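Trainee: Before I ask anything, let me first share the structure, which is written out below as structure tokens.
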Amino acid sequence: MTEMTPSVSGNSGTVNYLNHDKSIKSWLLTRDHKRIGIMYLVAISLAFLAGGIMAMLIRLELLSPGETIMGPDAYNQAFTIHGVLMIFAFIIPALPAILGNFVIPMQLGAKDVAFPRINLLSFYLYLGGAVITLSALLVGRIDGGWTFYAPYSVQVGDSILFVTMGVFVMGFSSILTGLNFIVTIHKMRAPGLTWNRLPLFVWSIYATAIVQVLATPVIAITVILLFLERLLGIGIFDPALGGDPVLFQHFFWFYSHPAVYVMILPAFGIISDLIGAFSRHRIVGYRFVALSSIAIAFLGFLVWGHHMFVSGQSALASTVFSLITYLIGIPTGVKIINWISTMYRGSVQLRTPMIYALIFLFTFSIGGFTGIMLGVLAVDVHLHDTYFIVAHFHYTMLGGNVIAALGGLHFWWPKMTGKMFNETLGRIAAGLIFIGFNLTFFPQFIAGSRGMPRRYFDYPSEFVGLNVLSTYGSWIMAAGFFLIAGYLLFSLFKGKKAPANPWGALTLEWTHTASIPEPHNFTVTPVVTRGAYDYHLVPEFYAGPSSGDGSSAGLATQEVAPETTHEK
Amino acid sequence: MGDQGSSWLPDAMSSVARDVDALFNFVLIVSTILFAAVIVSTIYFVIRYRRRSDQYVPERIKESKWLEAAWIILPTILTMIIFTWGFRVFITLSTPPPDSYQITVRAKQWFWEFEYSEGATSTSDLYVPVGKPIKLLMSSGDVIHSFFVPEFRIKHDVIPNRYTSVWFEATEVGEYRIYCTEYCGQQHSMMLGMVRVVTQEEFDDWLDEQSQDLPPVELGERLFTQYNCQVCHATDGSRLIGPPLNGLFGITREFDDGMTAVADDNYLRESIVNPGAKVVAGYPNAMVATYGSLSTKQIDALVAYLKSLE
Ligand SMILES: [Cu+2]
């Protein structure tokens, strides 16, 4: 990658963040938020691959009742590894650490995050934590699922301490990343970039960061208590020592429920950006979408008990938790209406990232509606800990977070690599994933509501048909993911060179940086004069003959600050 | 007069099940309608407003405050209806009628034990009379389990060192499966049981029968399956997780520490109540230690049964 397309900001240099120094050392010790984002992309994708292989093994085992390819011990470990990796090593860090790192400073018109060194430290904490966790899972043969409910979890052996230790370390990575974003968003916005003009992805990462900073310490404390219990025999969770196992569940969900918002809020942000860009319309209810993210982040701390309706907490507590759950559900539902109405009288273009946004509307809506179902106290009693739950959270996490992540990855891929991927293959893969996903998880709603419990190695024969469908679906979905990996890697070598703004979007990373951004993103600090989605204010931007990528009219409405802040 | 259930739900066989189902179906129907609206409008907008020209920049739409308020208020009203309804059924679910017949439930890795007020006990099979409210008082002997009967729409966690309870009233004679729904270790998915709903007379007869004595070998055979020994032990000479148990009595056993012993009464007893004491060579020390809590009578019966196996 030695040449570079002239950027819309008029910079025609040849130095970009990828080629200015190609040594391994320059990568490993980089403080560039873009390179750190790419390193996260590689590491987190590997975690996803490992977790995904476990998922395939689980589905294969469940193809028929009884032992299919492995015994109960191996199965119980497989779903535990799958859960722990997917939650802690993949989905919690994925959006803030990969796309947040790569995109946020550019969307703010900043040269980097506020604390670039801490950013690098976060990366290594993540890497260290992930390695500790994975090796403890493999060596220690841990089962019991990612929830580690006491007292079972404290009886499975000492390696549980190493797993939780790994989670603890990754937690610090998450806290530091959140802290970095909060400061960056407060302090490093370009001149003119008021809160009302911020892209919604920035808003969502801001809300996410609040949760990361406030909630993660709770899991750290829980882990320390677990350590004290194991090492010093202080009874905290284990009833054999006089502890209370339900207390563990309170602690656990006090972190893990807010963590759900770490997973989903950035996805909301990405979907807003995608639907805005591909409809060329301001997001309807921009303010509502922005502020409700913050509200959800705070309310998210008050609903942990809805995971415990049948665990022996008081009926009154359950009632209150159910009520607050609905209060959170409502703004989420309203957002879906906002996104749909953004397309109303817009100019909708169905490129691959937008297709993911539409898939998101489909899958995440199902996840949301089934969430309402689960929030109904009396119905949750029946559905709790069945496959209905499994299907529900895969519709919200995989159908929400991962689908949005795929949309975002395709959207920003040209900016990351300077290359376009193959659009046709992109659409085919999106189709495979859509079909495979629904085939995998929809039957699980039915299996669950008919009574099939989760975490079952063996199951009664009445559920065979549904499980077979589910396993077939997982193969189609896997084909989709491998296809994506294939054409993205291929595009690195053989892809068409990407223009600076292939989608004709209006946020700063598209309008003011080169096809592959410079090491410090901007030649000059941009000055912002309009909102992130004010397409109607810049018709001349799209007026030229070769438009669509918006490169024709340059910076019609965005002035350039006189002083240059770029240093090489 | 149980309900036939639907493709979504199993048959409704308890007094509360149909209230739960009504709620389930209501949420299902409303969700389906709203979901259809989401999908239809999305598809319509995508087609109707597809990009025809790259140069075209749509006008900004004036947002209507009223519309925005409407789509906040309407979902709020709808969810509050659902919440209130769900709350009322939940209260019914969590308040056992005062005249309930009480049965004590003890969950252990990996079986269910039931103790009736008349002193009778049963394992895995829960006998209850039809048409009578039953309250289960539950606790666990080891880790957390969860008691779930899909046809009754009831579920509750069973926790060590604490009593939790759940109640139901079966509406029809029949057999309904009990599942454990909180992960509890290797045999979690095999921790099944059966609710046997019988008429009041049959139930009374059964209780009487329980107080009479079965011959030890027969009782032992029954306990052997009730306590899931057969999951790990074959009686036809084949190897499962544990060694086969036929023809064991009187032969010399070799252990993983190189020691040997003759399999006499004491050895059999010890193997059941304290399986880790002598671990048979070539096998993992995988037998659960929970059988230590069996009564002397039960252990005698098991030993008698094992001795009878050729
Ligand atoms: Cu159990």
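Ordered as shown in the structure tokens, chains take letters A, B, and onward, while each chain numbers its residues from 1 and ligands are numbered from 1 in the order shown.
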Write out as a PyMOL selection string the residues lying within 8 Å of B:Arg196, counting only C-alpha atoms and excluding same-chain residues fewer than 5 positions away.

Mentor: chain B and resi 125-128+173-176

Trainee: Only C-alpha atoms, please: the residues just picked out, written as a CSV table (one decimal), in the first residue's frame.

Mentor:
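Output saved as selection.csv:
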```csv
chain,number,residue,atom,x,y,z
B,125,ASP,CA,-41.3,-39.9,41.0
B,126,LEU,CA,-43.5,-37.3,42.7
B,127,TYR,CA,-46.9,-38.7,43.5
B,128,VAL,CA,-49.7,-36.1,43.9
B,173,VAL,CA,-54.4,-37.4,35.9
B,174,GLY,CA,-51.3,-38.2,34.0
B,175,GLU,CA,-47.5,-38.1,34.0
B,176,TYR,CA,-45.5,-34.9,33.5
```

Trainee: Using only C-alpha atoms, which protein or nucleic acid residues come within 12 Å of B:Ile61? Drop anything in the same chain fewer than 5 positions from it, and give the result as a list in words.

Mentor: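 Contacts, with the query itself left out: Arg280, His281, Arg282, Ile283, Val284, Gly285, Ser341, Thr342, Met343, Tyr344, Arg345, Gly346, Asp534, Tyr535 and His536 of chain A.
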
Trainee: Residues up to 6 Å from ligand 1, counting only C-alpha atoms and all ligand atoms: could you list those as a PDB file with C-alpha atoms, in the first residue's frame?

Mentor:
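part14.pdb, freshly written:
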```pdb
ATOM      1  CA  TRP B 110     -28.490 -35.707  40.322  1.00  0.00           C
ATOM      2  CA  HIS B 145     -30.900 -26.796  41.166  1.00  0.00           C
ATOM      3  CA  CYS B 180     -33.657 -29.506  36.519  1.00  0.00           C
ATOM      4  CA  GLU B 182     -30.136 -24.745  36.843  1.00  0.00           C
ATOM      5  CA  TYR B 183     -26.811 -26.165  35.720  1.00  0.00           C
ATOM      6  CA  CYS B 184     -25.640 -28.558  38.416  1.00  0.00           C
ATOM      7  CA  HIS B 188     -27.505 -32.007  34.802  1.00  0.00           C
ATOM      8  CA  MET B 191     -31.622 -34.985  36.459  1.00  0.00           C
TER       9      MET B 191
END
```

Trainee: Quick one: residues within 10 Å of A:Tyr124, only C-alpha atoms counted, chain neighbours fewer than 6 positions away excluded, as a count of residues only?

Mentor: 7

Trainee: Could you tell me, as a ChimeraX atom specification, which residues of stretch 171-294 of chain B DSSP assigns to alpha helix (DSSP H) when given the backbone?

Mentor: /B:200-211,216-226,229-232,265-273

Trainee: Would you mind exporting the chosen residues as a CSV table (one decimal), in the first residue's frame, restricted to N, CA and C atoms?

Mentor:
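Output saved as again00.csv:
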```csv
chain,number,residue,atom,x,y,z
B,200,GLN,N,-57.3,-39.2,44.1
B,200,GLN,CA,-57.1,-39.1,45.5
B,200,GLN,C,-57.0,-40.5,46.1
B,201,GLU,N,-58.0,-41.5,45.7
B,201,GLU,CA,-57.9,-42.9,46.3
B,201,GLU,C,-56.6,-43.5,45.9
B,202,GLU,N,-56.2,-43.4,44.7
B,202,GLU,CA,-54.9,-44.0,44.3
B,202,GLU,C,-53.8,-43.5,45.1
B,203,PHE,N,-53.8,-42.2,45.4
B,203,PHE,CA,-52.8,-41.5,46.1
B,203,PHE,C,-52.8,-42.1,47.6
B,204,ASP,N,-53.9,-42.2,48.2
B,204,ASP,CA,-54.0,-42.7,49.5
B,204,ASP,C,-53.5,-44.1,49.6
B,205,ASP,N,-53.9,-45.0,48.6
B,205,ASP,CA,-53.4,-46.3,48.5
B,205,ASP,C,-51.9,-46.4,48.4
B,206,TRP,N,-51.4,-45.5,47.6
B,206,TRP,CA,-49.9,-45.5,47.4
B,206,TRP,C,-49.2,-45.2,48.7
B,207,LEU,N,-49.7,-44.2,49.4
B,207,LEU,CA,-49.1,-43.8,50.7
B,207,LEU,C,-49.1,-45.0,51.6
B,208,ASP,N,-50.2,-45.7,51.7
B,208,ASP,CA,-50.3,-46.9,52.5
B,208,ASP,C,-49.3,-47.9,52.2
B,209,GLU,N,-49.2,-48.2,50.9
B,209,GLU,CA,-48.3,-49.2,50.4
B,209,GLU,C,-46.8,-48.8,50.8
B,210,GLN,N,-46.5,-47.5,50.7
B,210,GLN,CA,-45.2,-47.1,51.0
B,210,GLN,C,-44.8,-47.5,52.4
B,211,SER,N,-45.8,-47.4,53.3
B,211,SER,CA,-45.4,-47.7,54.7
B,211,SER,C,-45.2,-49.2,54.9
B,216,PRO,N,-36.0,-56.6,50.6
B,216,PRO,CA,-34.8,-55.7,50.4
B,216,PRO,C,-34.3,-55.8,48.9
B,217,VAL,N,-34.3,-57.0,48.3
B,217,VAL,CA,-33.7,-57.0,46.9
B,217,VAL,C,-34.6,-56.2,46.0
B,218,GLU,N,-35.9,-56.3,46.2
B,218,GLU,CA,-36.8,-55.5,45.3
B,218,GLU,C,-36.7,-54.0,45.5
B,219,LEU,N,-36.6,-53.7,46.8
B,219,LEU,CA,-36.4,-52.3,47.2
B,219,LEU,C,-35.1,-51.8,46.6
B,220,GLY,N,-34.1,-52.6,46.7
B,220,GLY,CA,-32.7,-52.2,46.2
B,220,GLY,C,-32.8,-52.0,44.7
B,221,GLU,N,-33.5,-52.9,44.0
B,221,GLU,CA,-33.6,-52.7,42.5
B,221,GLU,C,-34.3,-51.4,42.2
B,222,ARG,N,-35.3,-51.1,42.9
B,222,ARG,CA,-36.0,-49.9,42.7
B,222,ARG,C,-35.1,-48.6,42.9
B,223,LEU,N,-34.4,-48.7,44.1
B,223,LEU,CA,-33.5,-47.6,44.4
B,223,LEU,C,-32.4,-47.4,43.4
B,224,PHE,N,-32.0,-48.5,42.8
B,224,PHE,CA,-30.9,-48.5,41.9
B,224,PHE,C,-31.2,-47.6,40.7
B,225,THR,N,-32.4,-47.7,40.2
B,225,THR,CA,-32.8,-46.8,39.1
B,225,THR,C,-33.2,-45.4,39.6
B,226,GLN,N,-33.9,-45.4,40.7
B,226,GLN,CA,-34.4,-44.1,41.2
B,226,GLN,C,-33.2,-43.2,41.5
B,229,CYS,N,-28.2,-44.9,39.5
B,229,CYS,CA,-27.0,-45.7,39.5
B,229,CYS,C,-26.7,-46.2,38.1
B,230,GLN,N,-27.8,-46.5,37.4
B,230,GLN,CA,-27.7,-47.2,36.1
B,230,GLN,C,-27.1,-46.2,35.0
B,231,VAL,N,-27.1,-44.9,35.3
B,231,VAL,CA,-26.4,-44.0,34.4
B,231,VAL,C,-24.9,-44.3,34.3
B,232,CYS,N,-24.3,-44.7,35.4
B,232,CYS,CA,-22.9,-45.0,35.4
B,232,CYS,C,-22.5,-46.5,35.5
B,265,ASP,N,-19.6,-57.5,52.0
B,265,ASP,CA,-20.7,-56.5,52.3
B,265,ASP,C,-20.1,-55.2,52.7
B,266,ASN,N,-19.1,-55.2,53.5
B,266,ASN,CA,-18.5,-53.9,53.9
B,266,ASN,C,-18.0,-53.1,52.8
B,267,TYR,N,-17.3,-53.8,51.9
B,267,TYR,CA,-16.7,-53.1,50.7
B,267,TYR,C,-17.9,-52.5,49.9
B,268,LEU,N,-18.9,-53.2,49.7
B,268,LEU,CA,-20.0,-52.7,48.9
B,268,LEU,C,-20.6,-51.4,49.6
B,269,ARG,N,-20.8,-51.6,50.8
B,269,ARG,CA,-21.4,-50.5,51.6
B,269,ARG,C,-20.5,-49.2,51.5
B,270,GLU,N,-19.2,-49.5,51.7
B,270,GLU,CA,-18.3,-48.3,51.6
B,270,GLU,C,-18.2,-47.7,50.2
B,271,SER,N,-18.3,-48.6,49.2
B,271,SER,CA,-18.3,-48.1,47.8
B,271,SER,C,-19.4,-47.1,47.5
B,272,ILE,N,-20.5,-47.4,48.2
B,272,ILE,CA,-21.7,-46.5,48.0
B,272,ILE,C,-21.6,-45.2,48.8
B,273,VAL,N,-21.3,-45.3,50.1
B,273,VAL,CA,-21.4,-44.1,50.9
B,273,VAL,C,-20.1,-43.3,50.9
```

Trainee: Check the smallest atom-to-atom distance from each of A:Val320, A:Ile275, A:Ile484, A:Leu265 to A:Leu425 using only C-alpha atoms, then report the winner.

Mentor: A:Ile484

Trainee: Check the smallest atom-to-atom distance from each of A:Phe148, A:Trp412, A:Phe102, A:Trp195 to chain B using only C-alpha atoms, then report the winner.

Mentor: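 Looking at the shortest contact to chain B, the residue is A:Phe148.
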
Trainee: Please list as a ChimeraX atom specification every residue within 10 Å of A:Gly37, counting only C-alpha atoms and excluding residues in the same chain fewer than 2 positions away.

Mentor: /A:32-35,39-43,94-103,119-120,123,416

Trainee: Starting from chain B, keep only residues with some atom at most 7 Å from an atom of chain A, counting only C-alpha atoms, and report them as an MDAnalysis selection string.

Mentor: chainID B and resid 8:10 20 24 27 31 35 39 42 45:46 49:51 54:55 57:60 71:72 75:76 79 82:83 86:87 89:90 143 150 153:157 160:161 164 181 183:186 188:189

Trainee: For the structure I just gave you, how does DSSP split stretch 61-296 of chain B - specifically, which residues are strand (DSSP E)? Reply as number ranges by chain.

Mentor: B: 101-108, 111-116, 121-123, 125-129, 134-140, 145-149, 154-158, 164-168, 174-180, 193-198, 252-254, 260-262

Trainee: What does the structure give for the distance between atom CA of B:Ile134 and atom CA of B:Tyr227, in Å to one decimal?

Mentor: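 Atom CA of B:Ile134 sits 23.8 Å away from atom CA of B:Tyr227.
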
Trainee: For A:Ala391, work out the shell of residues within 6 Å, counting only C-alpha atoms and skipping chain neighbours fewer than 2 positions away, then give it as a ChimeraX atom specification.

Mentor: /A:388-389,393-394,441,444-445

Trainee: Taking only C-alpha atoms into account, name the residue in A:Met86, A:Met420, A:Leu161, A:Met477 that is nearest to A:Lys496.

Mentor: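 For A:Lys496, the nearest of the candidates is A:Met420.
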
Trainee: Near B:Val280, counting only C-alpha atoms, which residues have an atom at most 12 Å away, once you skip same-chain residues fewer than 2 positions from it, shown as a JSON list (two decimals) with N, CA and C atoms, in the first residue's frame?

Mentor:
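The result, written out as result.json:
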```json
[["chain", "number", "residue", "atom", "x", "y", "z"],
["B", 241, "ILE", "N", -19.49, -45.23, 32.68],
["B", 241, "ILE", "CA", -18.55, -44.34, 33.39],
["B", 241, "ILE", "C", -17.92, -45.10, 34.55],
["B", 242, "GLY", "N", -18.71, -45.94, 35.22],
["B", 242, "GLY", "CA", -18.20, -46.77, 36.30],
["B", 242, "GLY", "C", -18.18, -48.23, 35.87],
["B", 243, "PRO", "N", -17.61, -49.09, 36.69],
["B", 243, "PRO", "CA", -17.52, -50.53, 36.35],
["B", 243, "PRO", "C", -18.91, -51.19, 36.41],
["B", 244, "PRO", "N", -19.09, -52.29, 35.68],
["B", 244, "PRO", "CA", -20.34, -53.04, 35.79],
["B", 244, "PRO", "C", -20.44, -53.65, 37.18],
["B", 245, "LEU", "N", -21.64, -53.85, 37.69],
["B", 245, "LEU", "CA", -21.77, -54.28, 39.08],
["B", 245, "LEU", "C", -22.27, -55.71, 39.24],
["B", 252, "THR", "N", -12.02, -60.45, 44.10],
["B", 252, "THR", "CA", -11.00, -59.55, 44.62],
["B", 252, "THR", "C", -10.85, -58.33, 43.70],
["B", 253, "ARG", "N", -10.90, -57.16, 44.29],
["B", 253, "ARG", "CA", -10.82, -55.92, 43.51],
["B", 253, "ARG", "C", -9.43, -55.31, 43.63],
["B", 254, "GLU", "N", -8.98, -54.66, 42.59],
["B", 254, "GLU", "CA", -7.70, -53.98, 42.62],
["B", 254, "GLU", "C", -7.95, -52.48, 42.53],
["B", 255, "PHE", "N", -7.18, -51.68, 43.27],
["B", 255, "PHE", "CA", -7.46, -50.24, 43.31],
["B", 255, "PHE", "C", -6.33, -49.45, 42.67],
["B", 256, "ASP", "N", -6.63, -48.18, 42.45],
["B", 256, "ASP", "CA", -5.65, -47.37, 41.71],
["B", 256, "ASP", "C", -4.38, -47.13, 42.50],
["B", 257, "ASP", "N", -4.41, -47.36, 43.83],
["B", 257, "ASP", "CA", -3.17, -47.21, 44.59],
["B", 257, "ASP", "C", -2.44, -48.55, 44.74],
["B", 258, "GLY", "N", -2.90, -49.56, 43.96],
["B", 258, "GLY", "CA", -2.19, -50.83, 43.96],
["B", 258, "GLY", "C", -2.69, -51.81, 45.02],
["B", 259, "MET", "N", -3.51, -51.34, 45.98],
["B", 259, "MET", "CA", -4.02, -52.23, 47.02],
["B", 259, "MET", "C", -5.11, -53.14, 46.43],
["B", 260, "THR", "N", -5.45, -54.16, 47.16],
["B", 260, "THR", "CA", -6.57, -55.01, 46.75],
["B", 260, "THR", "C", -7.47, -55.27, 47.94],
["B", 261, "ALA", "N", -8.68, -55.69, 47.67],
["B", 261, "ALA", "CA", -9.59, -56.07, 48.75],
["B", 261, "ALA", "C", -10.65, -57.00, 48.16],
["B", 263, "ALA", "N", -14.46, -58.04, 47.67],
["B", 263, "ALA", "CA", -15.72, -57.29, 47.65],
["B", 263, "ALA", "C", -16.75, -57.99, 48.53],
["B", 267, "TYR", "N", -17.30, -53.80, 51.87],
["B", 267, "TYR", "CA", -16.75, -53.11, 50.73],
["B", 267, "TYR", "C", -17.87, -52.46, 49.89],
["B", 271, "SER", "N", -18.30, -48.58, 49.19],
["B", 271, "SER", "CA", -18.25, -48.07, 47.82],
["B", 271, "SER", "C", -19.42, -47.12, 47.53],
["B", 275, "PRO", "N", -17.41, -43.33, 48.09],
["B", 275, "PRO", "CA", -16.81, -43.93, 46.89],
["B", 275, "PRO", "C", -15.34, -43.57, 46.70],
["B", 276, "GLY", "N", -14.89, -42.47, 47.28],
["B", 276, "GLY", "CA", -13.51, -42.05, 47.05],
["B", 276, "GLY", "C", -12.51, -42.87, 47.86],
["B", 277, "ALA", "N", -12.99, -43.62, 48.86],
["B", 277, "ALA", "CA", -12.08, -44.32, 49.75],
["B", 277, "ALA", "C", -11.25, -45.35, 49.00],
["B", 278, "LYS", "N", -11.91, -46.13, 48.16],
["B", 278, "LYS", "CA", -11.17, -47.10, 47.34],
["B", 278, "LYS", "C", -11.64, -46.92, 45.92],
["B", 282, "GLY", "N", -8.33, -48.28, 36.96],
["B", 282, "GLY", "CA", -8.80, -48.13, 35.59],
["B", 282, "GLY", "C", -10.05, -47.27, 35.47],
["B", 283, "TYR", "N", -10.57, -46.77, 36.59],
["B", 283, "TYR", "CA", -11.75, -45.91, 36.54],
["B", 283, "TYR", "C", -11.46, -44.58, 37.22],
["B", 284, "PRO", "N", -12.15, -43.52, 36.77],
["B", 284, "PRO", "CA", -11.95, -42.22, 37.44],
["B", 284, "PRO", "C", -12.68, -42.21, 38.78],
["B", 285, "ASN", "N", -12.26, -41.35, 39.67],
["B", 285, "ASN", "CA", -12.95, -41.21, 40.94],
["B", 285, "ASN", "C", -14.15, -40.31, 40.71],
["B", 286, "ALA", "N", -15.13, -40.79, 39.94],
["B", 286, "ALA", "CA", -16.18, -39.92, 39.42],
["B", 286, "ALA", "C", -17.51, -40.14, 40.10],
["B", 287, "MET", "N", -17.59, -41.09, 41.02],
["B", 287, "MET", "CA", -18.89, -41.37, 41.63],
["B", 287, "MET", "C", -19.20, -40.29, 42.66]]
```

Trainee: Show which residues sit within 8 Å of A:Pro519, as a list of chain:residue names. Count only C-alpha atoms, and ignore same-chain residues fewer than 6 positions away.

Mentor: A:Val15, A:Asn16, A:Tyr17, A:Leu18, A:His20, A:Asp32, A:Lys568

Trainee: Could you write out that same residue set with N, CA, C and O atoms as a JSON list (two decimals), in the first residue's frame?

Mentor:
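Writing done, so here's result09.json:
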```
[["chain", "number", "residue", "atom", "x", "y", "z"],
["A", 15, "VAL", "N", 1.91, 9.64, 2.71],
["A", 15, "VAL", "CA", 2.11, 8.99, 3.99],
["A", 15, "VAL", "C", 0.76, 8.70, 4.63],
["A", 15, "VAL", "O", -0.08, 9.58, 4.73],
["A", 16, "ASN", "N", 0.55, 7.45, 5.01],
["A", 16, "ASN", "CA", -0.67, 7.17, 5.75],
["A", 16, "ASN", "C", -0.34, 6.31, 6.96],
["A", 16, "ASN", "O", 0.80, 5.91, 7.16],
["A", 17, "TYR", "N", -1.35, 6.03, 7.77],
["A", 17, "TYR", "CA", -1.09, 5.38, 9.06],
["A", 17, "TYR", "C", -0.57, 3.97, 8.90],
["A", 17, "TYR", "O", 0.02, 3.40, 9.80],
["A", 18, "LEU", "N", -0.81, 3.37, 7.72],
["A", 18, "LEU", "CA", -0.34, 2.01, 7.52],
["A", 18, "LEU", "C", 1.10, 1.96, 7.03],
["A", 18, "LEU", "O", 1.86, 1.07, 7.38],
["A", 20, "HIS", "N", 3.55, 4.53, 7.12],
["A", 20, "HIS", "CA", 4.59, 5.47, 7.56],
["A", 20, "HIS", "C", 5.70, 4.76, 8.31],
["A", 20, "HIS", "O", 6.81, 5.24, 8.40],
["A", 32, "ASP", "N", -1.05, 4.93, 18.07],
["A", 32, "ASP", "CA", -2.05, 5.42, 17.13],
["A", 32, "ASP", "C", -3.37, 4.67, 17.36],
["A", 32, "ASP", "O", -3.41, 3.45, 17.29],
["A", 568, "LYS", "N", 4.46, 15.45, 11.33],
["A", 568, "LYS", "CA", 4.79, 14.12, 10.81],
["A", 568, "LYS", "C", 5.81, 13.43, 11.71],
["A", 568, "LYS", "O", 6.70, 14.08, 12.23]]
```
